[in-house]
$ cat upload.cif   # mmCIF, C-alpha atoms
data_start
loop_
_atom_site.label_atom_id
_atom_site.label_comp_id
_atom_site.auth_asym_id
_atom_site.auth_seq_id
_atom_site.Cartn_x
_atom_site.Cartn_y
_atom_site.Cartn_z
CA MET A 30 92.27 180.74 116.16
CA LYS A 31 89.90 178.80 113.93
CA LYS A 32 91.54 176.43 111.48
CA SER A 33 89.84 175.05 108.39
CA LEU A 34 90.46 172.15 106.04
CA LEU A 35 89.29 172.21 102.43
CA ILE A 36 89.24 168.89 100.57
CA VAL A 37 89.67 169.75 96.88
CA SER A 38 88.51 167.33 94.20
CA HIS A 39 88.50 167.66 90.42
CA GLY A 40 84.72 167.70 90.15
CA SER A 41 82.71 165.54 87.78
CA ARG A 42 79.77 165.76 85.39
CA ARG A 43 78.51 162.67 87.26
CA GLU A 44 76.68 164.15 90.22
CA GLN A 45 77.22 160.88 92.14
CA SER A 46 81.01 161.42 92.10
CA ASN A 47 80.61 164.86 93.65
CA ILE A 48 78.25 163.46 96.26
CA GLU A 49 80.87 160.81 97.12
CA VAL A 50 83.42 163.56 97.81
CA ASN A 51 80.90 165.41 99.93
CA GLU A 52 80.13 162.26 101.96
CA LEU A 53 83.84 161.54 102.36
CA THR A 54 84.40 165.07 103.64
CA LYS A 55 81.73 164.60 106.31
CA LYS A 56 83.53 161.48 107.53
CA ILE A 57 86.75 163.48 107.98
CA ILE A 58 85.11 165.92 110.41
CA PRO A 59 85.10 163.65 113.50
CA LEU A 60 88.60 162.38 112.63
CA THR A 61 90.10 165.88 112.73
CA ALA A 62 87.98 167.26 115.58
CA GLY A 63 90.00 169.50 117.90
CA GLN A 64 92.52 170.16 115.11
CA PHE A 65 90.30 171.64 112.41
CA ASP A 66 87.23 173.67 113.39
CA ILE A 67 85.81 173.88 109.87
CA VAL A 68 85.95 171.18 107.17
CA HIS A 69 84.49 171.62 103.69
CA CYS A 70 85.04 170.34 100.18
CA ALA A 71 85.40 172.25 96.92
CA TYR A 72 85.99 171.47 93.26
CA LEU A 73 88.48 172.54 90.61
CA GLU A 74 85.74 172.54 87.98
CA LEU A 75 82.39 171.05 86.94
CA ALA A 76 80.86 171.23 90.44
CA GLU A 77 80.22 173.73 93.21
CA PRO A 78 81.57 175.28 95.27
CA LEU A 79 84.66 176.04 93.19
CA ILE A 80 87.91 176.33 95.15
CA PRO A 81 87.88 180.15 95.59
CA ASP A 82 84.29 179.96 96.88
CA GLY A 83 85.24 177.11 99.22
CA ILE A 84 88.08 179.22 100.64
CA ASP A 85 85.73 182.21 101.04
CA LEU A 86 83.23 179.95 102.82
CA CYS A 87 85.85 178.83 105.36
CA ILE A 88 87.00 182.41 105.96
CA ASN A 89 83.43 183.73 106.23
CA GLN A 90 82.88 181.13 108.95
CA GLY A 91 85.79 182.62 110.88
CA ALA A 92 88.78 180.57 109.73
CA GLU A 93 92.18 182.20 110.19
CA SER A 94 93.85 179.43 108.20
CA VAL A 95 92.77 177.24 105.30
CA LEU A 96 94.61 174.00 104.52
CA VAL A 97 93.79 172.90 100.97
CA LEU A 98 94.14 169.12 100.53
CA PRO A 99 94.17 167.98 96.87
CA TYR A 100 92.13 164.79 96.54
CA PHE A 101 94.13 163.80 93.44
CA LEU A 102 96.21 160.70 92.77
CA ALA A 103 98.81 162.08 90.38
CA ALA A 104 101.00 165.16 90.55
CA GLY A 105 99.78 166.30 87.15
CA ARG A 106 99.03 169.79 85.89
CA HIS A 107 96.05 170.26 88.23
CA VAL A 108 98.13 169.55 91.33
CA ALA A 109 101.36 171.15 90.11
CA GLU A 110 99.98 174.29 88.47
CA ASP A 111 96.23 174.92 88.56
CA ILE A 112 95.62 174.55 92.30
CA PRO A 113 98.74 176.54 93.37
CA GLU A 114 97.69 179.33 91.00
CA ILE A 115 94.19 179.46 92.52
CA ILE A 116 95.73 179.47 96.02
CA ASN A 117 98.03 182.37 95.09
CA THR A 118 95.05 184.40 93.92
CA ALA A 119 93.20 183.57 97.15
CA ARG A 120 96.20 184.73 99.21
CA ILE A 121 96.09 188.09 97.46
CA LYS A 122 92.38 188.35 98.23
CA HIS A 123 92.89 187.31 101.88
CA PRO A 124 96.33 188.71 102.83
CA THR A 125 95.84 188.30 106.58
CA LYS A 126 94.91 184.61 106.39
CA SER A 127 97.19 181.60 106.15
CA ILE A 128 96.28 179.56 103.06
CA ASN A 129 98.41 176.48 102.38
CA ILE A 130 98.39 173.35 100.25
CA ALA A 131 98.87 169.90 101.80
CA THR A 132 100.49 166.90 100.13
CA HIS A 133 98.17 165.55 97.45
CA LEU A 134 96.50 162.24 98.21
CA GLY A 135 98.57 160.11 95.82
CA ALA A 136 101.80 161.10 97.57
CA ALA A 137 100.57 160.18 101.06
CA GLU A 138 103.07 158.05 102.94
CA LYS A 139 100.30 155.74 104.05
CA MET A 140 98.90 155.12 100.54
CA PRO A 141 100.76 151.80 100.06
CA GLY A 142 99.37 150.65 103.41
CA LEU A 143 95.83 151.60 102.40
CA LEU A 144 96.14 149.67 99.12
CA ALA A 145 97.56 146.66 100.97
CA ASP A 146 94.63 146.88 103.36
CA ILE A 147 92.09 146.87 100.49
CA ALA A 148 93.86 143.90 98.90
CA LEU A 149 93.92 141.89 102.13
CA ASN A 150 90.23 142.68 102.78
CA ASN A 151 89.26 141.48 99.29
CA LYS A 152 91.40 138.34 99.31
CA ASP A 153 89.68 134.99 98.58
CA MET B 26 98.51 128.13 95.34
CA LYS B 27 100.12 131.33 94.14
CA LYS B 28 98.02 134.47 94.54
CA SER B 29 98.60 137.68 92.64
CA LEU B 30 97.58 141.30 93.06
CA LEU B 31 97.29 143.67 90.11
CA ILE B 32 97.09 147.40 90.89
CA VAL B 33 95.21 148.97 87.99
CA SER B 34 95.61 152.67 87.23
CA HIS B 35 94.15 154.76 84.42
CA GLY B 36 97.51 155.44 82.78
CA SER B 37 98.77 158.86 81.77
CA ARG B 38 100.52 160.58 78.90
CA ARG B 39 102.82 161.95 81.62
CA GLU B 40 105.41 159.23 82.04
CA GLN B 41 106.08 160.46 85.60
CA SER B 42 102.53 159.55 86.65
CA ASN B 43 102.98 156.00 85.43
CA ILE B 44 106.33 155.76 87.21
CA GLU B 45 104.61 156.91 90.43
CA VAL B 46 102.14 154.02 90.16
CA ASN B 47 105.00 151.62 89.52
CA GLU B 48 106.89 152.88 92.58
CA LEU B 49 103.74 152.67 94.70
CA THR B 50 103.21 149.08 93.58
CA LYS B 51 106.73 148.15 94.70
CA LYS B 52 105.95 149.54 98.16
CA ILE B 53 102.90 147.27 98.43
CA ILE B 54 104.98 144.08 97.96
CA PRO B 55 106.44 143.92 101.49
CA LEU B 56 103.10 144.96 103.00
CA THR B 57 101.27 141.99 101.43
CA ALA B 58 104.09 139.44 101.74
CA GLY B 59 102.79 136.02 102.69
CA GLN B 60 99.35 136.89 101.30
CA PHE B 61 100.17 137.74 97.70
CA ASP B 62 103.07 135.99 95.96
CA ILE B 63 103.03 138.22 92.88
CA VAL B 64 102.27 141.96 92.77
CA HIS B 65 102.23 143.99 89.56
CA CYS B 66 100.61 147.10 88.15
CA ALA B 67 98.79 147.62 84.85
CA TYR B 68 96.99 150.43 83.06
CA LEU B 69 93.56 150.91 81.52
CA GLU B 70 95.08 152.92 78.68
CA LEU B 71 97.98 155.17 77.63
CA ALA B 72 100.67 153.07 79.35
CA GLU B 73 101.95 149.50 79.44
CA PRO B 74 101.26 146.84 80.41
CA LEU B 75 97.56 147.12 79.66
CA ILE B 76 95.26 145.24 82.05
CA PRO B 77 94.94 142.04 79.94
CA ASP B 78 98.73 141.87 79.61
CA GLY B 79 99.13 142.45 83.35
CA ILE B 80 96.76 139.56 84.07
CA ASP B 81 98.65 137.34 81.60
CA LEU B 82 101.92 138.30 83.29
CA CYS B 83 100.62 137.22 86.72
CA ILE B 84 99.30 133.93 85.32
CA ASN B 85 102.49 133.26 83.36
CA GLN B 86 104.37 133.64 86.63
CA GLY B 87 102.21 130.88 88.13
CA ALA B 88 99.32 132.76 89.72
CA GLU B 89 96.15 130.74 90.29
CA SER B 90 94.27 133.89 91.28
CA VAL B 91 94.47 137.54 90.26
CA LEU B 92 92.94 140.27 92.42
CA VAL B 93 92.53 143.44 90.37
CA LEU B 94 92.56 146.57 92.55
CA PRO B 95 91.32 149.72 90.77
CA TYR B 96 93.51 152.68 91.76
CA PHE B 97 90.67 155.07 90.99
CA LEU B 98 88.92 157.60 93.23
CA ALA B 99 85.45 157.68 91.71
CA ALA B 100 83.09 154.90 90.72
CA GLY B 101 82.76 156.32 87.21
CA ARG B 102 82.52 154.53 83.90
CA HIS B 103 86.06 153.11 84.12
CA VAL B 104 85.41 151.42 87.46
CA ALA B 105 81.76 150.51 86.83
CA GLU B 106 81.98 149.30 83.24
CA ASP B 107 85.37 149.29 81.50
CA ILE B 108 87.38 147.33 84.07
CA PRO B 109 84.64 144.70 84.73
CA GLU B 110 84.34 144.18 80.97
CA ILE B 111 88.09 143.61 80.64
CA ILE B 112 88.00 141.19 83.58
CA ASN B 113 85.12 139.23 82.01
CA THR B 114 87.14 138.81 78.83
CA ALA B 115 90.17 137.69 80.87
CA ARG B 116 88.01 135.10 82.68
CA ILE B 117 86.98 133.62 79.34
CA LYS B 118 90.65 133.46 78.32
CA HIS B 119 91.70 131.90 81.65
CA PRO B 120 88.70 129.77 82.73
CA THR B 121 90.62 127.80 85.37
CA LYS B 122 91.89 130.89 87.20
CA SER B 123 90.13 133.03 89.77
CA ILE B 124 90.10 136.66 88.58
CA ASN B 125 88.33 139.15 90.83
CA ILE B 126 87.98 142.89 91.31
CA ALA B 127 88.60 144.51 94.69
CA THR B 128 86.89 147.63 96.03
CA HIS B 129 88.20 150.67 94.18
CA LEU B 130 90.48 152.98 96.12
CA GLY B 131 87.97 155.82 96.59
CA ALA B 132 85.52 153.52 98.38
CA ALA B 133 88.07 152.22 100.88
CA GLU B 134 86.77 152.34 104.43
CA LYS B 135 90.06 153.82 105.60
CA MET B 136 90.12 156.68 103.06
CA PRO B 137 88.68 159.27 105.49
CA GLY B 138 91.37 158.25 107.97
CA LEU B 139 94.11 158.65 105.37
CA LEU B 140 92.88 162.14 104.45
CA ALA B 141 92.67 163.09 108.13
CA ASP B 142 96.24 161.83 108.52
CA ILE B 143 97.50 163.97 105.62
CA ALA B 144 95.69 167.02 107.03
CA LEU B 145 97.12 166.54 110.53
CA ASN B 146 100.64 166.03 109.12
CA ASN B 147 100.39 169.26 107.12
CA LYS B 148 98.89 171.36 109.88
CA ASP B 149 100.59 174.63 110.82
#

$ encode --input "upload.cif" --output "structure tokens"
Amino acid sequence: MKKSLLIVSHGSRREQSNIEVNELTKKIIPLTAGQFDIVHCAYLELAEPLIPDGIDLCINQGAESVLVLPYFLAAGRHVAEDIPEIINTARIKHPTKSINIATHLGAAEKMPGLLADIALNNKD
Amino acid sequence: MKKSLLIVSHGSRREQSNIEVNELTKKIIPLTAGQFDIVHCAYLELAEPLIPDGIDLCINQGAESVLVLPYFLAAGRHVAEDIPEIINTARIKHPTKSINIATHLGAAEKMPGLLADIALNNKD
């Protein structure tokens, strides 16, 4: 059963920001090899593919499950309402697939450790 | 020589988002113990303390250096222009202190690993 991971970012008018998310997504592929067969990114707005198209892309490539990972720091309206609403619509469109939302980035248990790591690497 | 770390977030009208940053900052303290004597957070806008006040707070508590760590995902205008400008002004105010900016969160080398970790922890 093919599993897919969809990194979901807000999307920006600055093309460079979207490219950064795309590059980041490519770096996740080898780190999740054997666990996720398909890894893509998608955007809430302002860039393509939008989230529904990203989900369709994963499913068209044979994914039986899509794990949507919100690349957002705060549990604001986008994380709490907009993304779940989009996922609910996608579930109606793809009733035989498993489409779930992972913890958003800002709530990751290892976030304090990552920040500590940046600080220690940038110390005088 | 006392060293300080200032986690700098955008700041939100949603008080809960600012509280999340505050809680996150507290979790960094034990992880940087022995390397940073003072750890605080500050905000670019919409919440207090603002960045200049956060820097003053660190220095008033005896810090000889302040490492400002931007808790931002993208290298947009805030990271590329606004924060450096604020830091330059702070350097003029505190000419005998070392005030530097760390890599912003989104550019952390270990970010792909953190995202992979979230994905694997949320897998079916």

$ residues_around --input "upload.cif" --residues "Lys126 (chain A)" --least-positions-apart "6" --cutoff "9 Å" --atoms "only C-alpha atoms" --output "PDB file with C-alpha atoms, in the frame of the given file"
ATOM      1  CA  ILE A  88      87.000 182.410 105.960  1.00  0.00           C
ATOM      2  CA  ALA A  92      88.780 180.570 109.730  1.00  0.00           C
ATOM      3  CA  GLU A  93      92.180 182.200 110.190  1.00  0.00           C
ATOM      4  CA  SER A  94      93.850 179.430 108.200  1.00  0.00           C
ATOM      5  CA  VAL A  95      92.770 177.240 105.300  1.00  0.00           C
ATOM      6  CA  ARG A 120      96.200 184.730  99.210  1.00  0.00           C
TER       7      ARG A 120
END

$ closest_residue --input "upload.cif" --among "A:Glu110, A:Asn151, A:Ala104, A:Lys122" --to "Val46 (chain B)" --atoms "all atoms listed in the file"
A:Ala104

$ calpha_fit_and_write --input "upload.cif" --fixed "chain A" --moving "chain B" --output "short mmCIF file (atom, residue, chain, number, x, y, z; two decimals) with C-alpha atoms, in the coordinates of the input"
data_model
loop_
_atom_site.label_atom_id
_atom_site.label_comp_id
_atom_site.auth_asym_id
_atom_site.auth_seq_id
_atom_site.Cartn_x
_atom_site.Cartn_y
_atom_site.Cartn_z
CA MET B 26 92.26 180.74 116.17
CA LYS B 27 89.90 178.80 113.95
CA LYS B 28 91.54 176.43 111.48
CA SER B 29 89.85 175.06 108.39
CA LEU B 30 90.45 172.16 106.04
CA LEU B 31 89.28 172.21 102.43
CA ILE B 32 89.24 168.89 100.56
CA VAL B 33 89.67 169.75 96.89
CA SER B 34 88.51 167.32 94.21
CA HIS B 35 88.51 167.66 90.43
CA GLY B 36 84.72 167.70 90.13
CA SER B 37 82.72 165.53 87.78
CA ARG B 38 79.80 165.75 85.39
CA ARG B 39 78.52 162.68 87.26
CA GLU B 40 76.68 164.15 90.21
CA GLN B 41 77.22 160.90 92.14
CA SER B 42 80.99 161.43 92.10
CA ASN B 43 80.62 164.86 93.65
CA ILE B 44 78.24 163.47 96.27
CA GLU B 45 80.86 160.82 97.12
CA VAL B 46 83.43 163.55 97.82
CA ASN B 47 80.89 165.40 99.94
CA GLU B 48 80.13 162.26 101.96
CA LEU B 49 83.84 161.54 102.37
CA THR B 50 84.40 165.07 103.65
CA LYS B 51 81.72 164.60 106.31
CA LYS B 52 83.54 161.48 107.53
CA ILE B 53 86.75 163.48 107.99
CA ILE B 54 85.11 165.94 110.43
CA PRO B 55 85.11 163.66 113.50
CA LEU B 56 88.59 162.38 112.64
CA THR B 57 90.09 165.90 112.73
CA ALA B 58 87.97 167.27 115.59
CA GLY B 59 89.99 169.49 117.89
CA GLN B 60 92.51 170.17 115.11
CA PHE B 61 90.30 171.64 112.41
CA ASP B 62 87.23 173.67 113.39
CA ILE B 63 85.81 173.89 109.87
CA VAL B 64 85.95 171.18 107.18
CA HIS B 65 84.50 171.63 103.69
CA CYS B 66 85.03 170.34 100.18
CA ALA B 67 85.40 172.25 96.91
CA TYR B 68 85.99 171.45 93.26
CA LEU B 69 88.50 172.52 90.62
CA GLU B 70 85.77 172.53 87.98
CA LEU B 71 82.40 171.06 86.94
CA ALA B 72 80.87 171.23 90.44
CA GLU B 73 80.22 173.74 93.20
CA PRO B 74 81.58 175.28 95.27
CA LEU B 75 84.66 176.04 93.20
CA ILE B 76 87.92 176.31 95.16
CA PRO B 77 87.87 180.14 95.58
CA ASP B 78 84.29 179.95 96.88
CA GLY B 79 85.24 177.11 99.23
CA ILE B 80 88.08 179.22 100.65
CA ASP B 81 85.73 182.20 101.04
CA LEU B 82 83.23 179.96 102.82
CA CYS B 83 85.85 178.83 105.37
CA ILE B 84 87.00 182.42 105.96
CA ASN B 85 83.43 183.71 106.23
CA GLN B 86 82.87 181.12 108.94
CA GLY B 87 85.80 182.61 110.88
CA ALA B 88 88.78 180.57 109.72
CA GLU B 89 92.18 182.21 110.19
CA SER B 90 93.84 179.43 108.20
CA VAL B 91 92.77 177.23 105.30
CA LEU B 92 94.61 173.99 104.51
CA VAL B 93 93.78 172.89 100.97
CA LEU B 94 94.13 169.11 100.53
CA PRO B 95 94.17 167.97 96.88
CA TYR B 96 92.13 164.78 96.53
CA PHE B 97 94.11 163.81 93.45
CA LEU B 98 96.21 160.71 92.76
CA ALA B 99 98.81 162.07 90.37
CA ALA B 100 100.99 165.16 90.54
CA GLY B 101 99.79 166.30 87.12
CA ARG B 102 99.02 169.77 85.87
CA HIS B 103 96.05 170.24 88.23
CA VAL B 104 98.12 169.55 91.34
CA ALA B 105 101.36 171.14 90.11
CA GLU B 106 99.99 174.28 88.48
CA ASP B 107 96.23 174.91 88.56
CA ILE B 108 95.62 174.53 92.30
CA PRO B 109 98.74 176.52 93.37
CA GLU B 110 97.68 179.31 91.00
CA ILE B 111 94.20 179.44 92.53
CA ILE B 112 95.71 179.48 96.02
CA ASN B 113 98.04 182.36 95.09
CA THR B 114 95.05 184.39 93.92
CA ALA B 115 93.19 183.56 97.15
CA ARG B 116 96.21 184.72 99.21
CA ILE B 117 96.11 188.09 97.45
CA LYS B 118 92.38 188.34 98.22
CA HIS B 119 92.88 187.32 101.87
CA PRO B 120 96.33 188.70 102.82
CA THR B 121 95.82 188.30 106.58
CA LYS B 122 94.92 184.61 106.39
CA SER B 123 97.19 181.60 106.16
CA ILE B 124 96.28 179.55 103.07
CA ASN B 125 98.40 176.48 102.40
CA ILE B 126 98.38 173.35 100.26
CA ALA B 127 98.85 169.91 101.80
CA THR B 128 100.49 166.91 100.14
CA HIS B 129 98.18 165.55 97.46
CA LEU B 130 96.49 162.24 98.20
CA GLY B 131 98.58 160.11 95.82
CA ALA B 132 101.81 161.10 97.57
CA ALA B 133 100.58 160.19 101.05
CA GLU B 134 103.09 158.07 102.92
CA LYS B 135 100.30 155.74 104.03
CA MET B 136 98.90 155.12 100.53
CA PRO B 137 100.77 151.81 100.04
CA GLY B 138 99.37 150.67 103.39
CA LEU B 139 95.83 151.61 102.37
CA LEU B 140 96.14 149.67 99.11
CA ALA B 141 97.57 146.67 100.96
CA ASP B 142 94.62 146.90 103.35
CA ILE B 143 92.08 146.89 100.49
CA ALA B 144 93.85 143.92 98.88
CA LEU B 145 93.91 141.91 102.12
CA ASN B 146 90.22 142.69 102.78
CA ASN B 147 89.26 141.49 99.30
CA LYS B 148 91.38 138.36 99.33
CA ASP B 149 89.72 135.02 98.57
#

$ residues_around --input "upload.cif" --residues "region 77-86 of chain A" --least-positions-apart "6" --cutoff "7 Å" --atoms "only C-alpha atoms" --output "count of residues only"
4

$ residues_around --input "upload.cif" --residues "Ile112 (chain B)" --least-positions-apart "5" --cutoff "8 Å" --atoms "all atoms listed in the file" --output "list of chain:residue names"
B:Pro77, B:Ile124, B:Asn125, B:Ile126

$ interface_residues --input "upload.cif" --of "chain B" --to "chain A" --cutoff "9 Å" --atoms "all atoms listed in the file" --output "JSON, numbers by chain"
{"B": [30, 32, 39, 41, 42, 43, 45, 46, 49, 50, 51, 52, 53, 54, 56, 57, 60, 61, 90, 92, 93, 94, 96, 97, 98, 99, 100, 101, 125, 126, 127, 128, 129, 130, 131, 132, 133, 134, 135, 136, 137, 138, 139, 140, 141, 142, 143, 144, 145, 146, 147, 148, 149]}

$ atom_distance --input "upload.cif" --atom1 "CA of Ile111 (chain B)" --atom2 "CA of Asn85 (chain B)"
17.9 Å

$ atom_distance --input "upload.cif" --atom1 "CA of Asn51 (chain A)" --atom2 "CA of Pro109 (chain B)"
26.0 Å

$ atom_distance --input "upload.cif" --atom1 "CA of Val104 (chain B)" --atom2 "CA of His65 (chain B)"
18.5 Å
